[in-house]
>>> print(open('start_16.pdb').read())   # PDB, C-alpha atoms and all ligand atoms
ATOM      1  CA  MET A   1     -40.817 -27.531  10.258
ATOM      2  CA  ALA A   2     -37.147 -28.064   9.331
ATOM      3  CA  THR A   3     -36.130 -31.706   9.041
ATOM      4  CA  ASP A   4     -32.977 -33.212  10.599
ATOM      5  CA  LYS A   5     -31.495 -33.500   7.117
ATOM      6  CA  SER A   6     -32.090 -29.847   6.222
ATOM      7  CA  LEU A   7     -30.738 -28.672   9.601
ATOM      8  CA  LYS A   8     -27.604 -30.773   9.093
ATOM      9  CA  SER A   9     -27.222 -29.380   5.574
ATOM     10  CA  VAL A  10     -27.651 -25.783   6.692
ATOM     11  CA  SER A  11     -25.142 -26.186   9.500
ATOM     12  CA  ARG A  12     -22.569 -27.839   7.208
ATOM     13  CA  GLN A  13     -22.798 -24.947   4.748
ATOM     14  CA  ASN A  14     -22.738 -22.467   7.642
ATOM     15  CA  ILE A  15     -19.534 -24.078   8.905
ATOM     16  CA  ARG A  16     -18.062 -23.898   5.400
ATOM     17  CA  LYS A  17     -18.981 -20.234   5.057
ATOM     18  CA  ILE A  18     -17.592 -19.401   8.509
ATOM     19  CA  LEU A  19     -14.315 -21.153   7.635
ATOM     20  CA  LEU A  20     -14.093 -19.205   4.377
ATOM     21  CA  ILE A  21     -14.770 -15.899   6.143
ATOM     22  CA  ILE A  22     -12.100 -16.683   8.771
ATOM     23  CA  SER A  23      -9.681 -17.585   5.982
ATOM     24  CA  PHE A  24     -10.450 -14.255   4.290
ATOM     25  CA  LEU A  25     -10.035 -12.263   7.516
ATOM     26  CA  LEU A  26      -6.683 -13.943   8.181
ATOM     27  CA  ILE A  27      -5.256 -12.766   4.851
ATOM     28  CA  PRO A  28      -3.025 -10.096   6.482
ATOM     29  CA  VAL A  29      -1.281 -12.902   8.359
ATOM     30  CA  THR A  30      -1.500 -15.830   5.960
ATOM     31  CA  ILE A  31      -1.379 -14.560   2.386
ATOM     32  CA  PHE A  32       2.368 -15.143   1.935
ATOM     33  CA  TYR A  33       1.936 -18.768   2.972
ATOM     34  CA  VAL A  34      -0.539 -19.357   0.113
ATOM     35  CA  SER A  35       1.061 -17.068  -2.426
ATOM     36  CA  PRO A  36       2.068 -18.409  -5.860
ATOM     37  CA  ILE A  37       4.378 -15.363  -6.120
ATOM     38  CA  VAL A  38       6.257 -15.750  -2.813
ATOM     39  CA  ILE A  39       7.186 -19.343  -3.705
ATOM     40  CA  MET A  40       8.940 -18.005  -6.856
ATOM     41  CA  MET A  41      10.776 -15.310  -4.875
ATOM     42  CA  GLY A  42      11.986 -17.898  -2.369
ATOM     43  CA  ALA A  43      13.038 -20.343  -5.105
ATOM     44  CA  ALA A  44      15.125 -17.613  -6.782
ATOM     45  CA  GLU A  45      17.133 -17.372  -3.540
ATOM     46  CA  GLY A  46      17.297 -21.120  -3.021
ATOM     47  CA  ILE A  47      14.862 -20.963  -0.124
ATOM     48  CA  ALA A  48      11.849 -23.231   0.387
ATOM     49  CA  SER A  49       9.253 -20.725   1.618
ATOM     50  CA  GLY A  50       6.086 -21.376   3.613
ATOM     51  CA  SER A  51       4.068 -21.361   0.395
ATOM     52  CA  MET A  52       6.321 -24.060  -1.113
ATOM     53  CA  LEU A  53       5.736 -26.220   1.955
ATOM     54  CA  LEU A  54       1.968 -25.575   1.818
ATOM     55  CA  PHE A  55       1.709 -26.405  -1.895
ATOM     56  CA  ILE A  56       3.585 -29.677  -1.358
ATOM     57  CA  LEU A  57       1.152 -30.439   1.475
ATOM     58  CA  LEU A  58      -1.851 -29.532  -0.717
ATOM     59  CA  PHE A  59      -0.589 -31.872  -3.446
ATOM     60  CA  ILE A  60      -0.267 -34.731  -0.938
ATOM     61  CA  LEU A  61      -3.723 -33.964   0.516
ATOM     62  CA  SER A  62      -5.239 -33.842  -2.969
ATOM     63  CA  LEU A  63      -4.410 -37.548  -3.302
ATOM     64  CA  PHE A  64      -7.051 -38.173  -0.615
ATOM     65  CA  VAL A  65      -9.429 -35.191  -0.542
ATOM     66  CA  GLY A  66      -9.195 -33.652  -4.030
ATOM     67  CA  ARG A  67      -9.997 -29.939  -4.149
ATOM     68  CA  LEU A  68     -11.447 -29.768  -0.625
ATOM     69  CA  TRP A  69      -8.982 -26.931   0.117
ATOM     70  CA  CYS A  70     -10.553 -24.809  -2.664
ATOM     71  CA  GLY A  71     -14.064 -25.331  -1.331
ATOM     72  CA  TRP A  72     -13.436 -24.907   2.370
ATOM     73  CA  LEU A  73     -10.272 -22.950   3.150
ATOM     74  CA  CYS A  74      -8.664 -21.062   0.273
ATOM     75  CA  PRO A  75      -8.703 -17.272   0.903
ATOM     76  CA  MET A  76      -8.864 -16.537  -2.846
ATOM     77  CA  GLY A  77     -11.886 -18.843  -3.133
ATOM     78  CA  ALA A  78     -13.382 -17.162  -0.068
ATOM     79  CA  TRP A  79     -12.982 -13.754  -1.684
ATOM     80  CA  GLN A  80     -14.803 -14.919  -4.820
ATOM     81  CA  GLU A  81     -17.669 -16.418  -2.794
ATOM     82  CA  ILE A  82     -17.987 -13.185  -0.798
ATOM     83  CA  CYS A  83     -18.212 -11.273  -4.103
ATOM     84  CA  SER A  84     -20.446 -13.852  -5.796
ATOM     85  CA  PRO A  85     -23.713 -11.843  -5.342
ATOM     86  CA  LEU A  86     -22.144  -9.359  -7.780
ATOM     87  CA  MET A  87     -21.437 -12.067 -10.373
ATOM     88  CA  LYS A  88     -24.486 -12.499 -12.540
ATOM     89  CA  HIS A  89     -23.654 -15.864 -14.054
ATOM     90  CA  THR A  90     -21.742 -19.065 -13.468
ATOM     91  CA  VAL A  91     -18.634 -19.825 -15.479
ATOM     92  CA  ILE A  92     -19.157 -20.990 -19.030
ATOM     93  CA  GLY A  93     -16.446 -23.653 -18.913
ATOM     94  CA  GLY A  94     -15.164 -25.338 -22.056
ATOM     95  CA  TRP A  95     -11.758 -24.242 -23.345
ATOM     96  CA  ARG A  96     -11.375 -21.570 -20.639
ATOM     97  CA  ASP A  97     -11.095 -24.277 -17.989
ATOM     98  CA  TRP A  98      -7.890 -25.484 -19.668
ATOM     99  CA  ILE A  99      -6.068 -22.153 -19.351
ATOM    100  CA  LYS A 100      -5.194 -22.786 -15.693
ATOM    101  CA  TYR A 101      -3.233 -25.918 -16.591
ATOM    102  CA  GLY A 102      -1.047 -23.878 -18.953
ATOM    103  CA  VAL A 103      -0.591 -21.323 -16.145
ATOM    104  CA  THR A 104       0.394 -24.119 -13.728
ATOM    105  CA  VAL A 105       2.976 -25.565 -16.148
ATOM    106  CA  LEU A 106       4.450 -22.109 -16.776
ATOM    107  CA  TRP A 107       4.510 -21.338 -13.048
ATOM    108  CA  LEU A 108       6.159 -24.638 -12.117
ATOM    109  CA  GLY A 109       8.661 -24.082 -14.952
ATOM    110  CA  VAL A 110       9.619 -20.657 -13.561
ATOM    111  CA  ILE A 111       9.965 -22.119 -10.039
ATOM    112  CA  GLY A 112      12.130 -24.953 -11.375
ATOM    113  CA  LEU A 113      14.359 -22.594 -13.390
ATOM    114  CA  SER A 114      14.672 -20.209 -10.436
ATOM    115  CA  MET A 115      15.731 -23.059  -8.177
ATOM    116  CA  PHE A 116      18.192 -24.281 -10.800
ATOM    117  CA  SER A 117      19.818 -20.865 -11.197
ATOM    118  CA  ALA A 118      20.036 -20.543  -7.408
ATOM    119  CA  GLY A 119      21.925 -23.861  -7.334
ATOM    120  CA  GLY A 120      19.032 -25.728  -5.704
ATOM    121  CA  ILE A 121      17.341 -25.290  -2.344
ATOM    122  CA  HIS A 122      19.804 -24.385   0.437
ATOM    123  CA  ALA A 123      17.409 -23.519   3.243
ATOM    124  CA  VAL A 124      13.871 -23.972   4.487
ATOM    125  CA  ASP A 125      12.222 -20.854   5.883
ATOM    126  CA  PRO A 126       8.455 -21.208   6.527
ATOM    127  CA  PHE A 127       8.313 -17.497   7.396
ATOM    128  CA  TYR A 128      10.125 -16.315   4.258
ATOM    129  CA  GLY A 129       9.015 -12.803   3.239
ATOM    130  CA  THR A 130       7.017 -12.161   6.401
ATOM    131  CA  VAL A 131       7.805  -9.820   9.285
ATOM    132  CA  GLY A 132       7.513 -11.790  12.509
ATOM    133  CA  GLY A 133       5.231 -14.266  10.718
ATOM    134  CA  ILE A 134       2.860 -11.508   9.468
ATOM    135  CA  SER A 135       2.442 -11.250   5.697
ATOM    136  CA  ILE A 136       1.081  -7.722   5.277
ATOM    137  CA  SER A 137       3.618  -5.647   7.155
ATOM    138  CA  SER A 138       3.682  -2.400   5.174
ATOM    139  CA  LEU A 139       1.482  -0.164   3.063
ATOM    140  CA  GLU A 140       3.337  -1.278  -0.103
ATOM    141  CA  VAL A 141       2.571  -4.950   0.560
ATOM    142  CA  LEU A 142      -1.045  -4.066   1.380
ATOM    143  CA  MET A 143      -1.375  -2.233  -1.960
ATOM    144  CA  MET A 144       0.159  -5.178  -3.831
ATOM    145  CA  VAL A 145      -2.164  -7.711  -2.168
ATOM    146  CA  ALA A 146      -5.175  -5.429  -2.768
ATOM    147  CA  LEU A 147      -4.211  -5.213  -6.456
ATOM    148  CA  ILE A 148      -3.992  -9.012  -6.732
ATOM    149  CA  PHE A 149      -7.406  -9.444  -5.098
ATOM    150  CA  PHE A 150      -8.814  -6.785  -7.405
ATOM    151  CA  ILE A 151      -7.500  -8.773 -10.393
ATOM    152  CA  ILE A 152      -9.103 -11.947  -8.975
ATOM    153  CA  PHE A 153     -12.382 -10.027  -8.671
ATOM    154  CA  ILE A 154     -12.157  -8.730 -12.250
ATOM    155  CA  VAL A 155     -11.425 -12.224 -13.622
ATOM    156  CA  ALA A 156     -14.413 -13.651 -11.718
ATOM    157  CA  PHE A 157     -16.616 -10.710 -12.699
ATOM    158  CA  PHE A 158     -16.022 -11.261 -16.404
ATOM    159  CA  THR A 159     -15.812 -15.058 -16.473
ATOM    160  CA  GLY A 160     -18.423 -15.945 -13.816
ATOM    161  CA  ARG A 161     -18.673 -17.023 -10.178
ATOM    162  CA  ARG A 162     -15.387 -18.546  -8.943
ATOM    163  CA  GLY A 163     -14.008 -17.756 -12.395
ATOM    164  CA  PHE A 164     -10.452 -17.373 -11.097
ATOM    165  CA  CYS A 165     -10.575 -20.955  -9.720
ATOM    166  CA  HIS A 166     -11.762 -22.182 -13.133
ATOM    167  CA  VAL A 167      -9.548 -20.181 -15.422
ATOM    168  CA  LEU A 168      -6.321 -18.903 -13.884
ATOM    169  CA  CYS A 169      -5.432 -20.382 -10.495
ATOM    170  CA  PRO A 170      -2.048 -22.179 -10.742
ATOM    171  CA  ILE A 171      -2.647 -23.957  -7.417
ATOM    172  CA  ALA A 172      -5.736 -25.655  -8.905
ATOM    173  CA  GLY A 173      -3.461 -27.330 -11.472
ATOM    174  CA  ILE A 174      -1.350 -29.128  -8.858
ATOM    175  CA  ILE A 175      -4.401 -30.211  -6.862
ATOM    176  CA  VAL A 176      -6.191 -31.511  -9.968
ATOM    177  CA  ALA A 177      -3.001 -33.439 -10.874
ATOM    178  CA  GLY A 178      -3.117 -35.094  -7.441
ATOM    179  CA  ARG A 179      -6.781 -36.017  -7.917
ATOM    180  CA  LEU A 180      -6.027 -37.447 -11.359
ATOM    181  CA  ILE A 181      -3.314 -39.684  -9.867
ATOM    182  CA  ARG A 182      -5.788 -40.900  -7.255
ATOM    183  CA  ASN A 183      -8.431 -41.563  -9.896
ATOM    184  CA  LEU A 184      -5.951 -43.611 -11.933
ATOM    185  CA  ALA A 185      -4.763 -45.535  -8.865
ATOM    186  CA  GLY A 186      -8.303 -45.893  -7.486
ATOM    187  CA  TRP A 187      -7.466 -45.848  -3.752
ATOM    188  CA  PRO A 188     -10.153 -44.720  -1.247
ATOM    189  CA  ALA A 189     -10.632 -40.952  -1.081
ATOM    190  CA  LEU A 190     -13.286 -38.374  -0.289
ATOM    191  CA  GLN A 191     -15.728 -38.112  -3.186
ATOM    192  CA  LEU A 192     -19.348 -37.513  -4.126
ATOM    193  CA  ASN A 193     -21.701 -40.396  -4.714
ATOM    194  CA  ALA A 194     -25.192 -40.120  -6.186
ATOM    195  CA  ALA A 195     -28.254 -42.359  -6.140
ATOM    196  CA  ALA A 196     -29.564 -41.354  -9.573
ATOM    197  CA  ASN A 197     -32.741 -43.411  -9.221
ATOM    198  CA  GLN A 198     -33.957 -41.034  -6.468
ATOM    199  CA  CYS A 199     -33.377 -37.888  -8.543
ATOM    200  CA  ILE A 200     -36.495 -35.880  -9.441
ATOM    201  CA  ASP A 201     -34.673 -33.693 -12.016
ATOM    202  CA  CYS A 202     -35.323 -30.435 -10.165
ATOM    203  CA  ASN A 203     -31.866 -29.049 -11.085
ATOM    204  CA  LYS A 204     -31.352 -27.427  -7.667
ATOM    205  CA  CYS A 205     -27.911 -29.031  -7.387
ATOM    206  CA  LYS A 206     -26.869 -27.486 -10.701
ATOM    207  CA  ASN A 207     -28.201 -24.064  -9.797
ATOM    208  CA  GLU A 208     -26.459 -24.015  -6.401
ATOM    209  CA  CYS A 209     -23.037 -25.321  -7.467
ATOM    210  CA  PRO A 210     -20.593 -22.414  -6.848
ATOM    211  CA  MET A 211     -18.348 -23.803  -9.615
ATOM    212  CA  GLY A 212     -21.216 -23.755 -12.104
ATOM    213  CA  LEU A 213     -20.999 -27.488 -12.814
ATOM    214  CA  ASP A 214     -23.918 -29.290 -14.417
ATOM    215  CA  VAL A 215     -24.363 -31.468 -11.343
ATOM    216  CA  HIS A 216     -27.713 -32.816 -12.519
ATOM    217  CA  ARG A 217     -26.035 -34.142 -15.673
ATOM    218  CA  MET A 218     -23.265 -35.675 -13.533
ATOM    219  CA  VAL A 219     -25.892 -37.424 -11.378
ATOM    220  CA  ARG A 220     -27.707 -38.760 -14.430
ATOM    221  CA  ALA A 221     -24.444 -39.819 -16.088
ATOM    222  CA  GLY A 222     -23.433 -41.720 -12.929
ATOM    223  CA  ASN A 223     -20.092 -39.891 -12.769
ATOM    224  CA  MET A 224     -19.628 -37.363  -9.956
ATOM    225  CA  GLU A 225     -15.957 -36.715 -10.738
ATOM    226  CA  ASP A 226     -15.100 -33.382 -12.311
ATOM    227  CA  PRO A 227     -11.701 -31.655 -12.118
ATOM    228  CA  ASP A 228     -13.497 -28.466 -11.135
ATOM    229  CA  CYS A 229     -15.498 -29.987  -8.282
ATOM    230  CA  ILE A 230     -14.232 -28.389  -5.067
ATOM    231  CA  LEU A 231     -16.141 -30.830  -2.808
ATOM    232  CA  CYS A 232     -18.016 -27.987  -1.138
ATOM    233  CA  ALA A 233     -21.100 -30.250  -0.703
ATOM    234  CA  ASN A 234     -23.471 -27.444  -1.703
ATOM    235  CA  CYS A 235     -25.166 -29.764  -4.190
ATOM    236  CA  SER A 236     -25.579 -32.436  -1.522
ATOM    237  CA  ASP A 237     -26.983 -29.955   0.985
ATOM    238  CA  THR A 238     -29.382 -28.427  -1.551
ATOM    239  CA  CYS A 239     -30.790 -31.646  -2.977
ATOM    240  CA  PRO A 240     -34.331 -32.142  -1.618
ATOM    241  CA  LYS A 241     -34.093 -35.910  -2.043
ATOM    242  CA  GLY A 242     -30.683 -36.515  -0.493
ATOM    243  CA  VAL A 243     -29.451 -37.962  -3.783
ATOM    244  CA  ILE A 244     -25.855 -36.734  -3.458
ATOM    245  CA  ARG A 245     -23.617 -37.692  -0.550
ATOM    246  CA  TYR A 246     -20.042 -37.427   0.580
ATOM    247  CA  SER A 247     -18.349 -40.775   0.883
ATOM    248  CA  VAL A 248     -14.867 -42.179   1.323
ATOM    249  CA  ALA A 249     -14.661 -44.833  -1.346
ATOM    250  CA  ARG A 250     -12.588 -46.245  -4.157
ATOM    251  CA  LYS A 251     -13.020 -44.700  -7.601
TER     252      LYS A 251
HETATM  253  S1  LIG A 301     -20.480 -30.522  -7.742
HETATM  254 FE1  LIG A 301     -21.258 -30.226  -5.637
HETATM  255  S2  LIG A 301     -19.460 -30.484  -4.316
HETATM  256 FE2  LIG A 301     -18.713 -30.171  -6.412
HETATM  257  S3  LIG A 301     -18.355 -27.967  -6.581
HETATM  258 FE3  LIG A 301     -20.440 -28.318  -7.310
HETATM  259  S4  LIG A 301     -21.750 -28.035  -5.511
HETATM  260 FE4  LIG A 301     -19.630 -28.280  -4.762
HETATM  261  S1  LIG A 302     -31.040 -31.497  -6.580
HETATM  262 FE1  LIG A 302     -31.210 -33.713  -6.237
HETATM  263  S2  LIG A 302     -33.201 -34.268  -7.077
HETATM  264 FE2  LIG A 302     -32.730 -32.226  -7.895
HETATM  265  S3  LIG A 302     -31.698 -32.634  -9.887
HETATM  266 FE3  LIG A 302     -30.080 -32.517  -8.344
HETATM  267  S4  LIG A 302     -29.738 -34.630  -7.676
HETATM  268 FE4  LIG A 302     -31.708 -34.573  -8.729
END
>>> encode(input="start_16.pdb", output="structure tokens")
Amino acid sequence: MATDKSLKSVSRQNIRKILLIISFLLIPVTIFYVSPIVIMMGAAEGIASGSMLLFILLFILSLFVGRLWCGWLCPMGAWQEICSPLMKHTVIGGWRDWIKYGVTVLWLGVIGLSMFSAGGIHAVDPFYGTVGGISISSLEVLMMVALIFFIIFIVAFFTGRRGFCHVLCPIAGIIVAGRLIRNLAGWPALQLNAAANQCIDCNKCKNECPMGLDVHRMVRAGNMEDPDCILCANCSDTCPKGVIRYSVARK
């Protein structure tokens, strides 16, 4: 018979999956508001687009909830989780995990230069690039978005599950920067905590982590912070002993 704990765990992951599927299905409407490309186009015209506003918001949120966006709402993350049965392995991290920070610096540099050559930001238009608020408004845009999602799939296919989040996503860089600031300042924020003394070393948490993190090692090391943890709570919901929990606490 299912226990209260396992029912709660299943429903939390069901909610997460439903949110990710909704986020994926809303792509025709929302993709321009989360697009690292549209923000550059807007900046080149001196316009703060919807994606610029969202990325500023994500940076502020990251000071309190880290990469929760990546785990629960991001449509690109959703796409990779939908495709994950086709990915045979988890990401082999190491040096590849650092590439995204270079991409973020380059991307922010281009945005900054574009804004500079446009003489700064002259207008705020949350609906920039959309038609009546809808992102995919023509066959050309649909083809372009499909190409980008195909590239995300290819990156994940060759690097491992959620490989794009690990290796190339420029948005990850700004969110990780926010988390780093919080970790240095130490104010209360959403995080994982683990009671290592209850761990039975079954490795289920490690095997179920969509980001391929060695969660068992993190539990044993007494440090649940990792820049690539997207706070999806899969490890917590998989652990048979309830070792790992969400908490709002100081670092
Ligand atoms: S460590 Fe846990 S919360 Fe973090 S990404 Fe892995 S499964 Fe999700
Ligand atoms: S799933 Fe739980 S008990 Fe198993 S290794 Fe991870 S923390 Fe330990």
>>> residues_near_ligand(input="start_16.pdb", ligand="ligand LIG 301 (chain A)", cutoff="7 Å", atoms="all atoms listed in the file", output="PDB file with C-alpha atoms, in the coordinates of the input")
ATOM      1  CA  CYS A 205     -27.911 -29.031  -7.387  1.00  0.00           C
ATOM      2  CA  GLU A 208     -26.459 -24.015  -6.401  1.00  0.00           C
ATOM      3  CA  CYS A 209     -23.037 -25.321  -7.467  1.00  0.00           C
ATOM      4  CA  PRO A 210     -20.593 -22.414  -6.848  1.00  0.00           C
ATOM      5  CA  MET A 211     -18.348 -23.803  -9.615  1.00  0.00           C
ATOM      6  CA  GLY A 212     -21.216 -23.755 -12.104  1.00  0.00           C
ATOM      7  CA  LEU A 213     -20.999 -27.488 -12.814  1.00  0.00           C
ATOM      8  CA  VAL A 215     -24.363 -31.468 -11.343  1.00  0.00           C
ATOM      9  CA  ASP A 228     -13.497 -28.466 -11.135  1.00  0.00           C
ATOM     10  CA  CYS A 229     -15.498 -29.987  -8.282  1.00  0.00           C
ATOM     11  CA  ILE A 230     -14.232 -28.389  -5.067  1.00  0.00           C
ATOM     12  CA  LEU A 231     -16.141 -30.830  -2.808  1.00  0.00           C
ATOM     13  CA  CYS A 232     -18.016 -27.987  -1.138  1.00  0.00           C
ATOM     14  CA  ALA A 233     -21.100 -30.250  -0.703  1.00  0.00           C
ATOM     15  CA  ASN A 234     -23.471 -27.444  -1.703  1.00  0.00           C
ATOM     16  CA  CYS A 235     -25.166 -29.764  -4.190  1.00  0.00           C
ATOM     17  CA  SER A 236     -25.579 -32.436  -1.522  1.00  0.00           C
TER      18      SER A 236
END
>>> residues_near_ligand(input="start_16.pdb", ligand="ligand LIG 302 (chain A)", cutoff="10 Å", atoms="all atoms listed in the file", output="PyMOL selection string")
chain A and resi 194-208+214-220+234-245
>>> axis_aligned_box(input="start_16.pdb", around="stretch 82-94 of chain A", padding_each_side="3 Å", output="JSON")
{"center_x": -19.8, "center_y": -17.3, "center_z": -11.4, "size_x": 15.3, "size_y": 22.0, "size_z": 27.3}
>>> atom_distance(input="start_16.pdb", atom1="atom CA of A:Ser23", atom2="atom CA of A:Ile152")
16.0 Å
>>> atom_distance(input="start_16.pdb", atom1="atom CA of A:Ser51", atom2="atom CA of A:Val34")
5.0 Å
>>> closest_residue(input="start_16.pdb", among="A:Leu58, A:Arg250, A:Ile148, A:Arg12", to="A:Cys70", atoms="only C-alpha atoms")
A:Leu58
>>> residues_around(input="start_16.pdb", residues="A:Thr159", least_positions_apart="4", cutoff="7 Å", atoms="all atoms listed in the file", output="PyMOL selection string")
chain A and resi 91+155+163
>>> write_last_selection(input="start_16.pdb", atoms="C-alpha atoms", output="compact mmCIF listing (two decimals), keeping the file's coordinate frame")
# COMPACT_ATOMS: atom_id res chain seq x y z
CA VAL A 91 -18.63 -19.82 -15.48
CA VAL A 155 -11.42 -12.22 -13.62
CA GLY A 163 -14.01 -17.76 -12.40
>>> residues_around(input="start_16.pdb", residues="A:Pro36", least_positions_apart="6", cutoff="9 Å", atoms="all atoms listed in the file", output="PDB file with C-alpha atoms, in the frame of the given file")
ATOM      1  CA  SER A  51       4.068 -21.361   0.395  1.00  0.00           C
ATOM      2  CA  MET A  52       6.321 -24.060  -1.113  1.00  0.00           C
ATOM      3  CA  PHE A  55       1.709 -26.405  -1.895  1.00  0.00           C
ATOM      4  CA  TRP A 107       4.510 -21.338 -13.048  1.00  0.00           C
ATOM      5  CA  PRO A 170      -2.048 -22.179 -10.742  1.00  0.00           C
ATOM      6  CA  ILE A 171      -2.647 -23.957  -7.417  1.00  0.00           C
TER       7      ILE A 171
END
>>> atom_distance(input="start_16.pdb", atom1="atom CA of A:Thr104", atom2="atom CA of A:Arg161")
20.7 Å
>>> resolve_selection(input="start_16.pdb", expression="the PyMOL selection byres (((chain A and resi 157) around 10) and not hetatm)", output="PyMOL selection string")
chain A and resi 80+83-84+86-91+151-156+158-164
>>> closest_residue(input="start_16.pdb", among="A:Leu184, A:Leu142, A:Asn193, A:Arg179", to="A:Phe59", atoms="only C-alpha atoms")
A:Arg179
>>> closest_residue(input="start_16.pdb", among="A:Ile136, A:Val110, A:Met224, A:Val124", to="A:Ile37", atoms="only C-alpha atoms")
A:Val110
>>> resolve_selection(input="start_16.pdb", expression="the PyMOL selection byres (((chain A and resi 43-49) around 7) and not hetatm)", output="list in words")
Ile39, Met40, Met41, Gly42, Gly50, Ser51, Met52, Leu53, Ile111, Ser114, Met115, Ala118, Gly119, Gly120, Ile121, His122, Ala123, Val124, Asp125, Pro126, Phe127 and Tyr128 of chain A
>>> resolve_selection(input="start_16.pdb", expression="the PyMOL selection byres (((chain A and resi 73) around 9) and not hetatm)", output="list in words")
Arg16, Leu19, Leu20, Ile21, Ile22, Ser23, Phe24, Leu68, Trp69, Cys70, Gly71, Trp72, Cys74, Pro75, Met76, Gly77 and Ala78 of chain A
>>> write_last_selection(input="start_16.pdb", atoms="C-alpha atoms", output="JSON list (two decimals), in the frame of the given file")
[["chain", "number", "residue", "atom", "x", "y", "z"],
["A", 16, "ARG", "CA", -18.06, -23.90, 5.40],
["A", 19, "LEU", "CA", -14.32, -21.15, 7.64],
["A", 20, "LEU", "CA", -14.09, -19.20, 4.38],
["A", 21, "ILE", "CA", -14.77, -15.90, 6.14],
["A", 22, "ILE", "CA", -12.10, -16.68, 8.77],
["A", 23, "SER", "CA", -9.68, -17.58, 5.98],
["A", 24, "PHE", "CA", -10.45, -14.26, 4.29],
["A", 68, "LEU", "CA", -11.45, -29.77, -0.62],
["A", 69, "TRP", "CA", -8.98, -26.93, 0.12],
["A", 70, "CYS", "CA", -10.55, -24.81, -2.66],
["A", 71, "GLY", "CA", -14.06, -25.33, -1.33],
["A", 72, "TRP", "CA", -13.44, -24.91, 2.37],
["A", 74, "CYS", "CA", -8.66, -21.06, 0.27],
["A", 75, "PRO", "CA", -8.70, -17.27, 0.90],
["A", 76, "MET", "CA", -8.86, -16.54, -2.85],
["A", 77, "GLY", "CA", -11.89, -18.84, -3.13],
["A", 78, "ALA", "CA", -13.38, -17.16, -0.07]]
>>> closest_residue(input="start_16.pdb", among="A:Val103, A:Leu63, A:Leu147, A:Ile15", to="A:Ala189", atoms="all atoms listed in the file")
A:Leu63
>>> residues_around(input="start_16.pdb", residues="A:Arg182", least_positions_apart="4", cutoff="10 Å", atoms="only C-alpha atoms", output="number ranges by chain")
A: 62-66, 176-178, 186-189, 250-251
